[in-house]
$ cat query-v9.cif   # mmCIF, C-alpha atoms
data_start
loop_
_atom_site.label_atom_id
_atom_site.label_comp_id
_atom_site.auth_asym_id
_atom_site.auth_seq_id
_atom_site.Cartn_x
_atom_site.Cartn_y
_atom_site.Cartn_z
CA MET J 648 318.92 49.26 6.76
CA GLN J 649 320.12 45.68 7.28
CA ASP J 650 322.82 46.74 9.77
CA PHE J 651 320.28 48.80 11.76
CA LEU J 652 317.83 45.91 12.04
CA THR J 653 320.57 43.52 13.12
CA ALA J 654 321.87 45.87 15.80
CA ALA J 655 318.38 46.64 17.05
CA ALA J 656 317.54 42.97 17.44
CA ILE J 657 320.78 42.28 19.31
CA LEU J 658 320.18 45.20 21.64
CA ILE J 659 316.59 44.32 22.47
CA VAL J 660 317.10 40.60 22.80
CA GLY J 661 320.45 41.07 24.52
CA GLY J 662 321.42 37.53 23.54
CA ALA J 663 324.89 36.31 22.69
CA ALA J 664 323.12 33.31 21.13
CA VAL J 665 321.80 35.60 18.41
CA LEU J 666 325.31 36.81 17.68
CA VAL J 667 326.63 33.27 17.51
CA LEU J 668 323.79 32.22 15.23
CA TRP J 669 324.45 35.11 12.85
CA ARG J 670 328.19 34.45 12.85
CA GLY J 671 327.36 30.97 11.66
CA THR J 672 325.61 32.17 8.53
CA ARG J 673 327.52 31.63 5.30
CA ASN J 674 326.42 34.44 3.05
CA LYS J 675 324.87 37.88 2.96
CA GLN J 676 321.46 36.58 1.87
CA SER J 677 321.16 34.12 4.76
CA LEU J 678 322.30 36.84 7.18
CA SER J 679 319.58 39.14 5.86
CA THR J 680 316.93 36.41 6.18
CA GLU J 681 318.00 35.64 9.74
CA ALA J 682 317.99 39.35 10.64
CA GLN J 683 314.47 39.69 9.28
CA ARG J 684 313.27 36.64 11.20
CA VAL J 685 314.73 37.78 14.51
CA THR J 686 313.48 41.31 13.99
CA TYR J 687 309.97 40.03 13.26
CA GLU J 688 309.95 37.77 16.33
CA THR J 689 311.27 40.59 18.52
CA LEU J 690 308.70 43.11 17.33
CA HIS J 691 305.88 40.56 17.54
CA THR J 692 306.81 39.73 21.14
CA ALA J 693 307.02 43.43 22.04
CA TRP J 694 303.63 44.02 20.41
CA SER J 695 302.16 41.16 22.47
CA ALA J 696 303.51 42.68 25.69
CA ALA J 697 302.13 46.17 25.00
CA PRO J 698 298.35 45.79 25.57
CA PRO J 699 298.66 44.36 29.11
CA LEU J 700 301.13 47.11 30.03
CA ARG J 701 298.60 49.71 28.89
CA ALA J 702 296.42 48.51 31.78
CA GLY J 703 299.13 49.58 34.25
CA LEU J 704 301.08 47.71 36.93
CA VAL J 705 298.19 45.60 38.16
CA PRO J 706 298.72 41.87 38.87
CA ASP J 707 296.59 40.27 36.15
CA ALA J 708 297.90 42.52 33.38
CA ALA J 709 301.48 42.47 34.68
CA LYS J 710 301.57 38.66 34.63
CA LYS J 711 300.51 38.60 30.98
CA SER J 712 303.09 41.18 30.04
CA ALA J 713 305.91 39.60 32.08
CA ARG J 714 305.72 36.43 30.00
CA HIS J 715 306.50 38.35 26.81
CA LEU J 716 309.09 40.58 28.44
CA ARG J 717 310.98 37.52 29.67
CA THR J 718 310.94 36.18 26.11
CA LEU J 719 312.47 39.44 24.90
CA LEU J 720 315.31 39.19 27.40
CA ASP J 721 315.65 35.38 27.18
CA THR J 722 316.31 35.02 30.90
CA PRO J 723 315.32 32.24 33.35
CA ALA J 724 313.05 34.60 35.32
CA LEU J 725 311.70 38.13 35.35
CA ALA J 726 309.85 40.21 37.93
CA LEU J 727 307.73 43.34 37.75
CA THR J 728 307.09 45.45 40.85
CA ASP J 729 305.11 48.54 41.62
CA GLU J 730 306.06 50.83 44.49
CA THR J 731 304.83 48.45 47.18
CA GLU J 732 304.90 44.83 45.98
CA VAL J 733 305.89 42.29 43.36
CA VAL J 734 303.02 42.31 40.87
CA ALA J 735 304.39 39.54 38.60
CA TRP J 736 307.01 36.81 38.69
CA GLU J 737 307.58 34.91 35.47
CA GLY J 738 309.89 31.94 35.07
CA VAL J 739 311.72 29.49 37.35
CA SER J 740 313.10 29.77 40.89
CA ASP J 741 310.20 31.75 42.35
CA HIS J 742 311.77 31.37 45.80
CA HIS J 743 313.69 34.53 44.82
CA ALA J 744 310.48 36.54 44.38
CA ALA J 745 310.35 37.47 48.06
CA ASP J 746 313.63 39.42 47.70
CA ALA J 747 312.61 41.41 44.63
CA MET J 748 311.28 44.41 46.58
CA THR J 749 314.46 44.56 48.70
CA GLN J 750 316.56 44.60 45.53
CA ALA J 751 314.31 47.31 44.08
CA GLU J 752 314.84 49.73 46.99
CA ASP J 753 318.07 51.24 45.65
CA VAL J 754 316.55 51.55 42.18
CA PHE J 755 313.61 53.54 43.57
CA LEU J 756 316.03 55.78 45.48
CA THR J 757 318.52 56.42 42.67
CA GLY J 758 316.40 55.94 39.55
CA ARG J 759 319.26 53.93 38.03
CA THR J 760 319.63 50.33 36.85
CA GLN J 761 321.37 48.14 39.43
CA ALA J 762 322.96 44.65 39.28
CA PHE J 763 322.89 42.34 42.32
CA ASP J 764 324.79 39.16 43.14
CA ILE J 765 322.21 36.82 44.68
CA GLY J 766 324.48 33.88 45.58
CA CYS J 767 321.71 31.30 45.65
CA THR J 768 322.38 28.21 47.80
CA GLU J 769 319.72 26.09 46.11
CA PRO J 770 321.29 23.26 44.05
CA ASN J 771 320.75 23.53 40.28
CA CYS J 772 319.20 27.00 40.55
CA PRO J 773 319.90 28.85 37.27
CA ILE J 774 319.81 32.25 38.99
CA ASN J 775 322.92 33.87 40.48
CA CYS J 776 322.27 37.54 39.75
CA ALA J 777 319.55 40.13 39.17
CA VAL J 778 319.54 43.21 36.96
CA VAL J 779 316.88 45.65 38.18
CA ALA J 780 315.88 48.63 36.02
CA PRO J 781 313.50 51.49 36.88
CA LEU J 782 310.12 52.00 35.21
CA THR J 783 309.94 55.78 35.04
CA VAL J 784 306.76 57.65 34.13
CA GLU J 785 306.78 61.45 33.93
CA GLY J 786 310.05 61.64 35.86
CA ARG J 787 308.93 59.37 38.72
CA VAL J 788 309.90 55.74 39.30
CA VAL J 789 306.58 53.88 39.51
CA GLY J 790 307.97 50.35 39.44
CA THR J 791 310.88 48.13 38.44
CA LEU J 792 311.69 45.40 35.95
CA ALA J 793 314.12 42.76 37.20
CA ALA J 794 315.83 40.22 34.93
CA TYR J 795 317.27 37.15 36.68
CA SER J 796 320.10 35.11 35.14
CA ARG J 797 323.25 33.15 35.85
CA GLU J 798 325.51 36.08 35.00
CA ALA J 799 325.00 39.87 34.90
CA SER J 800 326.73 40.44 31.60
CA ALA J 801 327.07 43.90 30.09
CA GLY J 802 324.71 42.80 27.32
CA LEU J 803 322.02 41.76 29.82
CA VAL J 804 322.33 45.06 31.68
CA ARG J 805 321.94 47.05 28.45
CA ALA J 806 319.06 44.90 27.24
CA THR J 807 317.22 45.05 30.59
CA ASN J 808 317.60 48.81 30.68
CA GLN J 809 316.25 49.19 27.14
CA VAL J 810 313.29 46.87 27.69
CA ALA J 811 312.47 48.71 30.91
CA ARG J 812 312.52 52.03 29.05
CA TRP J 813 310.17 50.60 26.42
CA ALA J 814 307.85 49.18 29.10
CA ALA J 815 307.84 52.54 30.89
CA GLY J 816 306.79 54.16 27.63
CA GLN J 817 303.77 51.84 27.50
CA LEU J 818 302.92 52.72 31.10
CA GLU J 819 303.17 56.39 30.21
CA LEU J 820 300.74 55.82 27.34
CA ALA J 821 298.43 54.10 29.82
CA GLU J 822 298.53 57.19 32.02
CA LEU J 823 297.74 59.35 28.99
CA ASP J 824 294.77 57.09 28.22
CA ARG J 825 293.51 57.50 31.77
CA SER J 826 294.02 61.26 31.59
CA ARG J 827 292.09 61.39 28.33
CA THR J 828 289.27 59.37 29.88
CA ARG J 829 289.15 61.70 32.89
CA LEU J 830 289.10 64.69 30.54
CA VAL J 831 286.21 63.29 28.50
CA GLU J 832 284.28 62.49 31.68
CA ALA J 833 284.91 66.02 32.95
CA GLU J 834 283.70 67.48 29.66
CA VAL J 835 280.50 65.42 29.77
CA ARG J 836 279.94 66.43 33.40
CA ALA J 837 280.36 70.06 32.36
CA LEU J 838 277.76 69.62 29.62
CA ARG J 839 275.36 67.98 32.06
CA ALA J 840 275.86 70.78 34.55
CA GLN J 841 274.95 73.34 31.89
CA ILE J 842 271.95 71.39 30.61
CA SER J 843 270.30 70.38 33.85
CA PRO J 844 269.52 73.72 35.55
CA HIS J 845 267.73 75.07 32.47
CA PHE J 846 265.99 71.88 31.59
CA ILE J 847 264.84 70.26 34.83
CA TYR J 848 263.02 73.26 36.30
CA ASN J 849 261.22 74.13 33.05
CA SER J 850 260.28 70.52 32.31
CA LEU J 851 258.83 69.85 35.74
CA SER J 852 256.89 73.10 35.61
CA ALA J 853 255.44 72.13 32.22
CA ILE J 854 254.49 68.64 33.45
CA ALA J 855 252.86 70.09 36.59
CA SER J 856 250.65 72.32 34.44
CA TYR J 857 249.06 69.23 32.84
CA VAL J 858 248.54 67.14 35.96
CA ARG J 859 244.93 68.26 36.51
CA THR J 860 243.86 69.30 33.01
CA ASN J 861 245.37 66.42 31.03
CA PRO J 862 246.69 63.63 33.29
CA GLU J 863 247.48 61.29 30.39
CA ARG J 864 249.72 63.86 28.73
CA ALA J 865 251.36 64.61 32.07
CA ARG J 866 252.12 60.91 32.42
CA THR J 867 253.61 60.72 28.90
CA LEU J 868 255.75 63.80 29.51
CA LEU J 869 256.93 62.43 32.83
CA LEU J 870 258.08 59.23 31.09
CA ASP J 871 259.88 61.34 28.45
CA PHE J 872 261.53 63.31 31.24
CA ALA J 873 262.63 60.11 33.02
CA ASP J 874 264.06 58.56 29.82
CA PHE J 875 265.82 61.77 28.83
CA THR J 876 267.49 62.29 32.21
CA ARG J 877 268.44 58.60 32.43
CA TYR J 878 270.20 58.88 29.08
CA SER J 879 271.86 62.23 29.81
CA PHE J 880 273.20 61.16 33.20
CA ARG J 881 274.29 57.64 32.32
CA ARG J 882 277.74 56.76 33.66
CA HIS J 883 279.24 54.52 30.98
CA GLY J 884 280.40 54.97 27.42
CA ASP J 885 281.97 57.91 25.61
CA PHE J 886 279.99 57.10 22.46
CA THR J 887 276.45 56.28 21.45
CA THR J 888 274.53 55.78 18.22
CA LEU J 889 272.95 58.59 16.26
CA ALA J 890 269.61 56.81 16.76
CA GLU J 891 269.96 57.00 20.57
CA GLU J 892 271.11 60.62 20.49
CA LEU J 893 268.17 61.61 18.25
CA ARG J 894 265.70 59.68 20.39
CA SER J 895 266.89 61.64 23.40
CA ILE J 896 266.57 64.88 21.41
CA ASP J 897 263.00 63.94 20.44
CA GLN J 898 262.14 63.47 24.12
CA TYR J 899 263.75 66.79 24.96
CA LEU J 900 261.75 68.55 22.24
CA ALA J 901 258.50 66.94 23.43
CA LEU J 902 259.09 68.53 26.82
CA GLU J 903 259.96 71.90 25.30
CA ARG J 904 256.84 71.79 23.09
CA ALA J 905 254.81 71.18 26.23
CA ARG J 906 256.33 74.35 27.64
CA PHE J 907 256.07 76.61 24.57
CA GLY J 908 252.98 75.13 22.92
CA GLU J 909 252.28 76.41 19.40
CA ARG J 910 255.10 78.93 19.71
CA LEU J 911 257.66 76.20 19.04
CA LYS J 912 257.62 74.47 15.65
CA VAL J 913 259.98 71.57 14.96
CA THR J 914 260.99 69.89 11.71
CA LEU J 915 262.88 66.62 12.18
CA GLN J 916 263.98 64.59 9.15
CA VAL J 917 266.35 61.62 9.47
CA ALA J 918 267.66 59.26 6.79
CA PRO J 919 267.41 55.66 8.07
CA GLU J 920 270.90 54.89 6.71
CA VAL J 921 272.60 57.10 9.30
CA LEU J 922 270.80 55.85 12.43
CA PRO J 923 273.46 53.22 13.33
CA VAL J 924 276.35 55.71 12.99
CA THR J 925 278.47 56.05 16.15
CA VAL J 926 278.76 59.58 17.59
CA PRO J 927 280.28 61.09 20.76
CA PHE J 928 277.82 61.00 23.65
CA LEU J 929 275.93 64.30 24.12
CA CYS J 930 277.40 65.87 21.00
CA LEU J 931 274.03 66.97 19.55
CA GLN J 932 271.56 67.54 22.39
CA PRO J 933 273.30 70.71 23.68
CA LEU J 934 273.23 72.10 20.14
CA VAL J 935 269.46 71.53 19.98
CA GLU J 936 269.02 73.18 23.38
CA ASN J 937 270.95 76.18 22.05
CA ALA J 938 268.65 76.29 19.04
CA VAL J 939 265.55 76.27 21.25
CA ARG J 940 266.93 78.91 23.57
CA HIS J 941 268.15 81.22 20.82
CA GLY J 942 265.18 80.44 18.60
CA MET J 943 262.63 81.42 21.23
CA GLU J 944 264.42 84.13 23.18
CA GLY J 945 262.71 87.50 22.89
CA LYS J 946 260.30 86.32 20.18
CA VAL J 947 256.54 86.77 20.14
CA GLU J 948 255.98 84.91 16.89
CA PRO J 949 256.65 81.16 16.68
CA GLY J 950 260.21 79.89 16.56
CA HIS J 951 261.17 77.16 14.09
CA ILE J 952 263.81 74.51 14.81
CA GLN J 953 264.94 72.32 11.91
CA ILE J 954 266.99 69.16 12.41
CA TYR J 955 268.22 67.09 9.47
CA ALA J 956 270.37 63.96 9.50
CA ASN J 957 271.32 63.00 5.95
CA ASP J 958 273.38 60.28 4.31
CA GLY J 959 276.54 61.81 2.87
CA GLY J 960 278.16 58.67 1.47
CA ALA J 961 281.05 57.91 3.82
CA GLU J 962 279.68 60.45 6.32
CA ALA J 963 276.53 61.40 8.17
CA HIS J 964 275.62 65.08 7.88
CA ILE J 965 273.60 66.59 10.74
CA THR J 966 272.22 70.12 10.55
CA ILE J 967 270.54 72.02 13.38
CA GLU J 968 269.03 75.38 12.44
CA ASP J 969 266.92 78.01 14.20
CA ASP J 970 265.40 81.30 13.06
CA GLY J 971 266.13 83.11 16.29
CA ILE J 972 268.36 85.92 17.51
CA GLY J 973 271.60 84.51 16.13
CA MET J 974 275.06 85.09 17.62
CA ASP J 975 277.79 87.69 17.33
CA PRO J 976 280.39 86.02 15.05
CA GLU J 977 283.29 87.42 17.08
CA LYS J 978 281.83 86.11 20.31
CA LEU J 979 281.29 82.75 18.61
CA ARG J 980 284.92 82.71 17.45
CA ARG J 981 286.13 83.27 21.02
CA THR J 982 283.85 80.51 22.29
CA LEU J 983 285.14 77.98 19.76
CA ALA J 984 288.69 79.03 20.67
CA GLY J 985 288.01 77.89 24.23
CA GLN J 986 287.07 81.15 25.93
CA VAL J 987 284.03 80.50 28.12
CA ASP J 988 280.97 82.56 27.27
CA GLU J 989 277.64 80.90 28.10
CA SER J 990 275.71 83.55 26.20
CA ALA J 991 277.30 82.26 22.99
CA GLY J 992 275.90 78.77 23.49
CA ILE J 993 275.90 75.82 25.85
CA GLY J 994 279.04 73.77 25.40
CA LEU J 995 279.80 74.85 21.82
CA GLY J 996 283.55 75.04 22.42
CA ASN J 997 283.44 71.76 24.36
CA ILE J 998 281.61 69.91 21.57
CA ASP J 999 283.80 71.38 18.84
CA GLU J 1000 286.94 70.26 20.69
CA ARG J 1001 285.57 66.76 21.29
CA LEU J 1002 284.68 66.29 17.62
CA ARG J 1003 288.13 67.49 16.50
CA ARG J 1004 289.90 65.27 19.01
CA VAL J 1005 287.96 62.17 17.95
CA TYR J 1006 287.79 62.63 14.17
CA GLY J 1007 290.40 65.28 13.28
CA ASP J 1008 290.36 69.03 12.75
CA GLU J 1009 288.33 68.80 9.56
CA TYR J 1010 285.35 67.53 11.60
CA GLY J 1011 284.81 70.50 13.91
CA LEU J 1012 281.53 72.39 14.10
CA VAL J 1013 280.59 74.57 11.14
CA VAL J 1014 278.49 77.49 12.41
CA GLU J 1015 276.72 80.03 10.19
CA THR J 1016 275.23 82.91 12.15
CA ALA J 1017 274.79 86.66 12.50
CA CYS J 1018 272.92 88.83 14.97
CA GLY J 1019 269.20 88.66 14.22
CA LEU J 1020 269.56 86.13 11.41
CA GLY J 1021 269.35 82.82 13.23
CA THR J 1022 271.98 80.09 13.53
CA LYS J 1023 272.80 77.02 11.47
CA ILE J 1024 275.19 74.40 12.84
CA THR J 1025 276.48 71.54 10.70
CA VAL J 1026 278.12 68.41 12.11
CA ARG J 1027 279.87 65.89 9.87
CA VAL J 1028 280.59 62.44 11.29
CA PRO J 1029 282.37 59.56 9.50
CA LYS J 1030 280.20 56.47 9.27
CA TYR J 1031 283.24 54.45 10.30
CA HIS J 1032 286.23 55.62 12.32
CA ALA J 1033 288.83 53.19 13.64
CA GLY J 1034 288.67 52.62 17.38
CA ILE J 1035 285.21 54.04 18.13
CA ASN J 1036 282.69 51.96 16.24
CA ASP J 1037 282.49 49.05 18.66
CA ILE J 1038 280.35 50.46 21.46
#
$ encode --input "query-v9.cif" --output "structure tokens"
Amino acid sequence: MQDFLTAAAILIVGGAAVLVLWRGTRNKQSLSTEAQRVTYETLHTAWSAAPPLRAGLVPDAAKKSARHLRTLLDTPALALTDETEVVAWEGVSDHHAADAMTQAEDVFLTGRTQAFDIGCTEPNCPINCAVVAPLTVEGRVVGTLAAYSREASAGLVRATNQVARWAAGQLELAELDRSRTRLVEAEVRALRAQISPHFIYNSLSAIASYVRTNPERARTLLLDFADFTRYSFRRHGDFTTLAEELRSIDQYLALERARFGERLKVTLQVAPEVLPVTVPFLCLQPLVENAVRHGMEGKVEPGHIQIYANDGGAEAHITIEDDGIGMDPEKLRRTLAGQVDESAGIGLGNIDERLRRVYGDEYGLVVETACGLGTKITVRVPKYHAGINDI
């Protein structure tokens, strides 16, 4: 393990000074201590460079990252470019920055690391050469990393190439983050598209029916409608609190009760302890809309919707149950497997996938149903999950 750490540190740092320092050690214990120190410093510097790179090759982030990347390579200067311009220059002799894009042209064309003799005429300039490596994301060169030094040694070429590969990996993760964000936004848009046609027409019709006979109730319902739609169509945040999600559900149910009257009975019980719990945005409202639709469809007698949010220790347990027509279990299975079937429920597969992606497979929807026997859906949410609780 000691030999691996030593070699790794030499490769990443690319510094002969490290080799000289280690040759000067007198015993195995001091060599091990020095290897551990250099390895720690190297990994700490790489860790510091990673977050800015995850923002992509944009000037502000690139400048922050370039400082740490130059420390890794221990060179007088370092440049980062995208496909059109130099986005960061870090170090001395910035009069060379204007030539960085010209030096990067061959790297963009070939996709290979190149070394250039600069031949600077400035007195006392510590830069005589540049090693330019590609930043490749998904098979395409999206930028370059250039290390500037007095000599283009084989060690500097290897080190620059390795650091560029690592930096490209961070850029690739940034692209995955953006893709995930676009996917979540698309999923929420899909849920909104399924909710709005059913909800808006029916709600406005119900409100209109009270305008003359009960203006005060019409006003209250209109405010509920405005708050509900404002929440459902908000444009920021993938997460919300259980309190906000349940408040929106309460407004939705007020509008549905105005439509169905005494035919719709609702039981809503919530433990105060779970109200601050963070949940994915719009992960419950579509389930309640399903319960109303399936609970009331084809029924003459009243339909009963029951919603419980209980404290389960380290988890919040939410149950949504109706006594309606139920679902065909096979059709439900296909829906949860990703096969689109609106008759099996609005966004069930979408919500199940979102929950599993955020919390893990053990946190998918649990659905108990059969034709004619109603439907019960259980959602378990951790009270704390790393990365999503600061909203």
$ resolve_selection --input "query-v9.cif" --expression "the PyMOL selection byres ((chain J and resi 738-752) around 9)" --output "PyMOL selection string"
chain J and resi 714+717+722-733+735-737+753-757+761-763+765+767+772-774+777+779-781+790-793
$ resolve_selection --input "query-v9.cif" --expression "the PyMOL selection byres ((chain J and resi 908-925) around 10)" --output "ChimeraX atom specification"
/J:886-893,897,900-907,926-928,939,942-943,946-960,962-965,967-969,1028-1032,1035-1038
$ atom_distance --input "query-v9.cif" --atom1 "CA of Leu1020 (chain J)" --atom2 "CA of Leu983 (chain J)"
19.5 Å
$ residues_around --input "query-v9.cif" --residues "Val1013 (chain J)" --least-positions-apart "3" --cutoff "7 Å" --atoms "all atoms listed in the file" --output "number ranges by chain"
J: 1024-1026
$ atom_distance --input "query-v9.cif" --atom1 "CA of Asp707 (chain J)" --atom2 "CA of Val734 (chain J)"
8.2 Å
$ closest_residue --input "query-v9.cif" --among "J:Val705, J:Arg864, J:Tyr878, J:Ala853" --to "Val789 (chain J)" --atoms "only C-alpha atoms"
J:Val705
$ residues_around --input "query-v9.cif" --residues "Cys930 (chain J)" --least-positions-apart "6" --cutoff "9 Å" --atoms "all atoms listed in the file" --output "PyMOL selection string"
chain J and resi 892+998-999+1001-1002
$ resolve_selection --input "query-v9.cif" --expression "the PyMOL selection byres ((chain J and resi 803) around 9)" --output "PyMOL selection string"
chain J and resi 660-662+720+722+778+794+796+798-802+804-808
$ closest_residue --input "query-v9.cif" --among "J:Glu785, J:Asp721, J:Leu929, J:Gly973" --to "Gly945 (chain J)" --atoms "only C-alpha atoms"
J:Gly973
$ closest_residue --input "query-v9.cif" --among "J:Leu716, J:Ala814, J:Ile896, J:Met974" --to "Gly703 (chain J)" --atoms "all atoms listed in the file"
J:Ala814
$ atom_distance --input "query-v9.cif" --atom1 "CA of Arg701 (chain J)" --atom2 "CA of Leu782 (chain J)"
13.3 Å
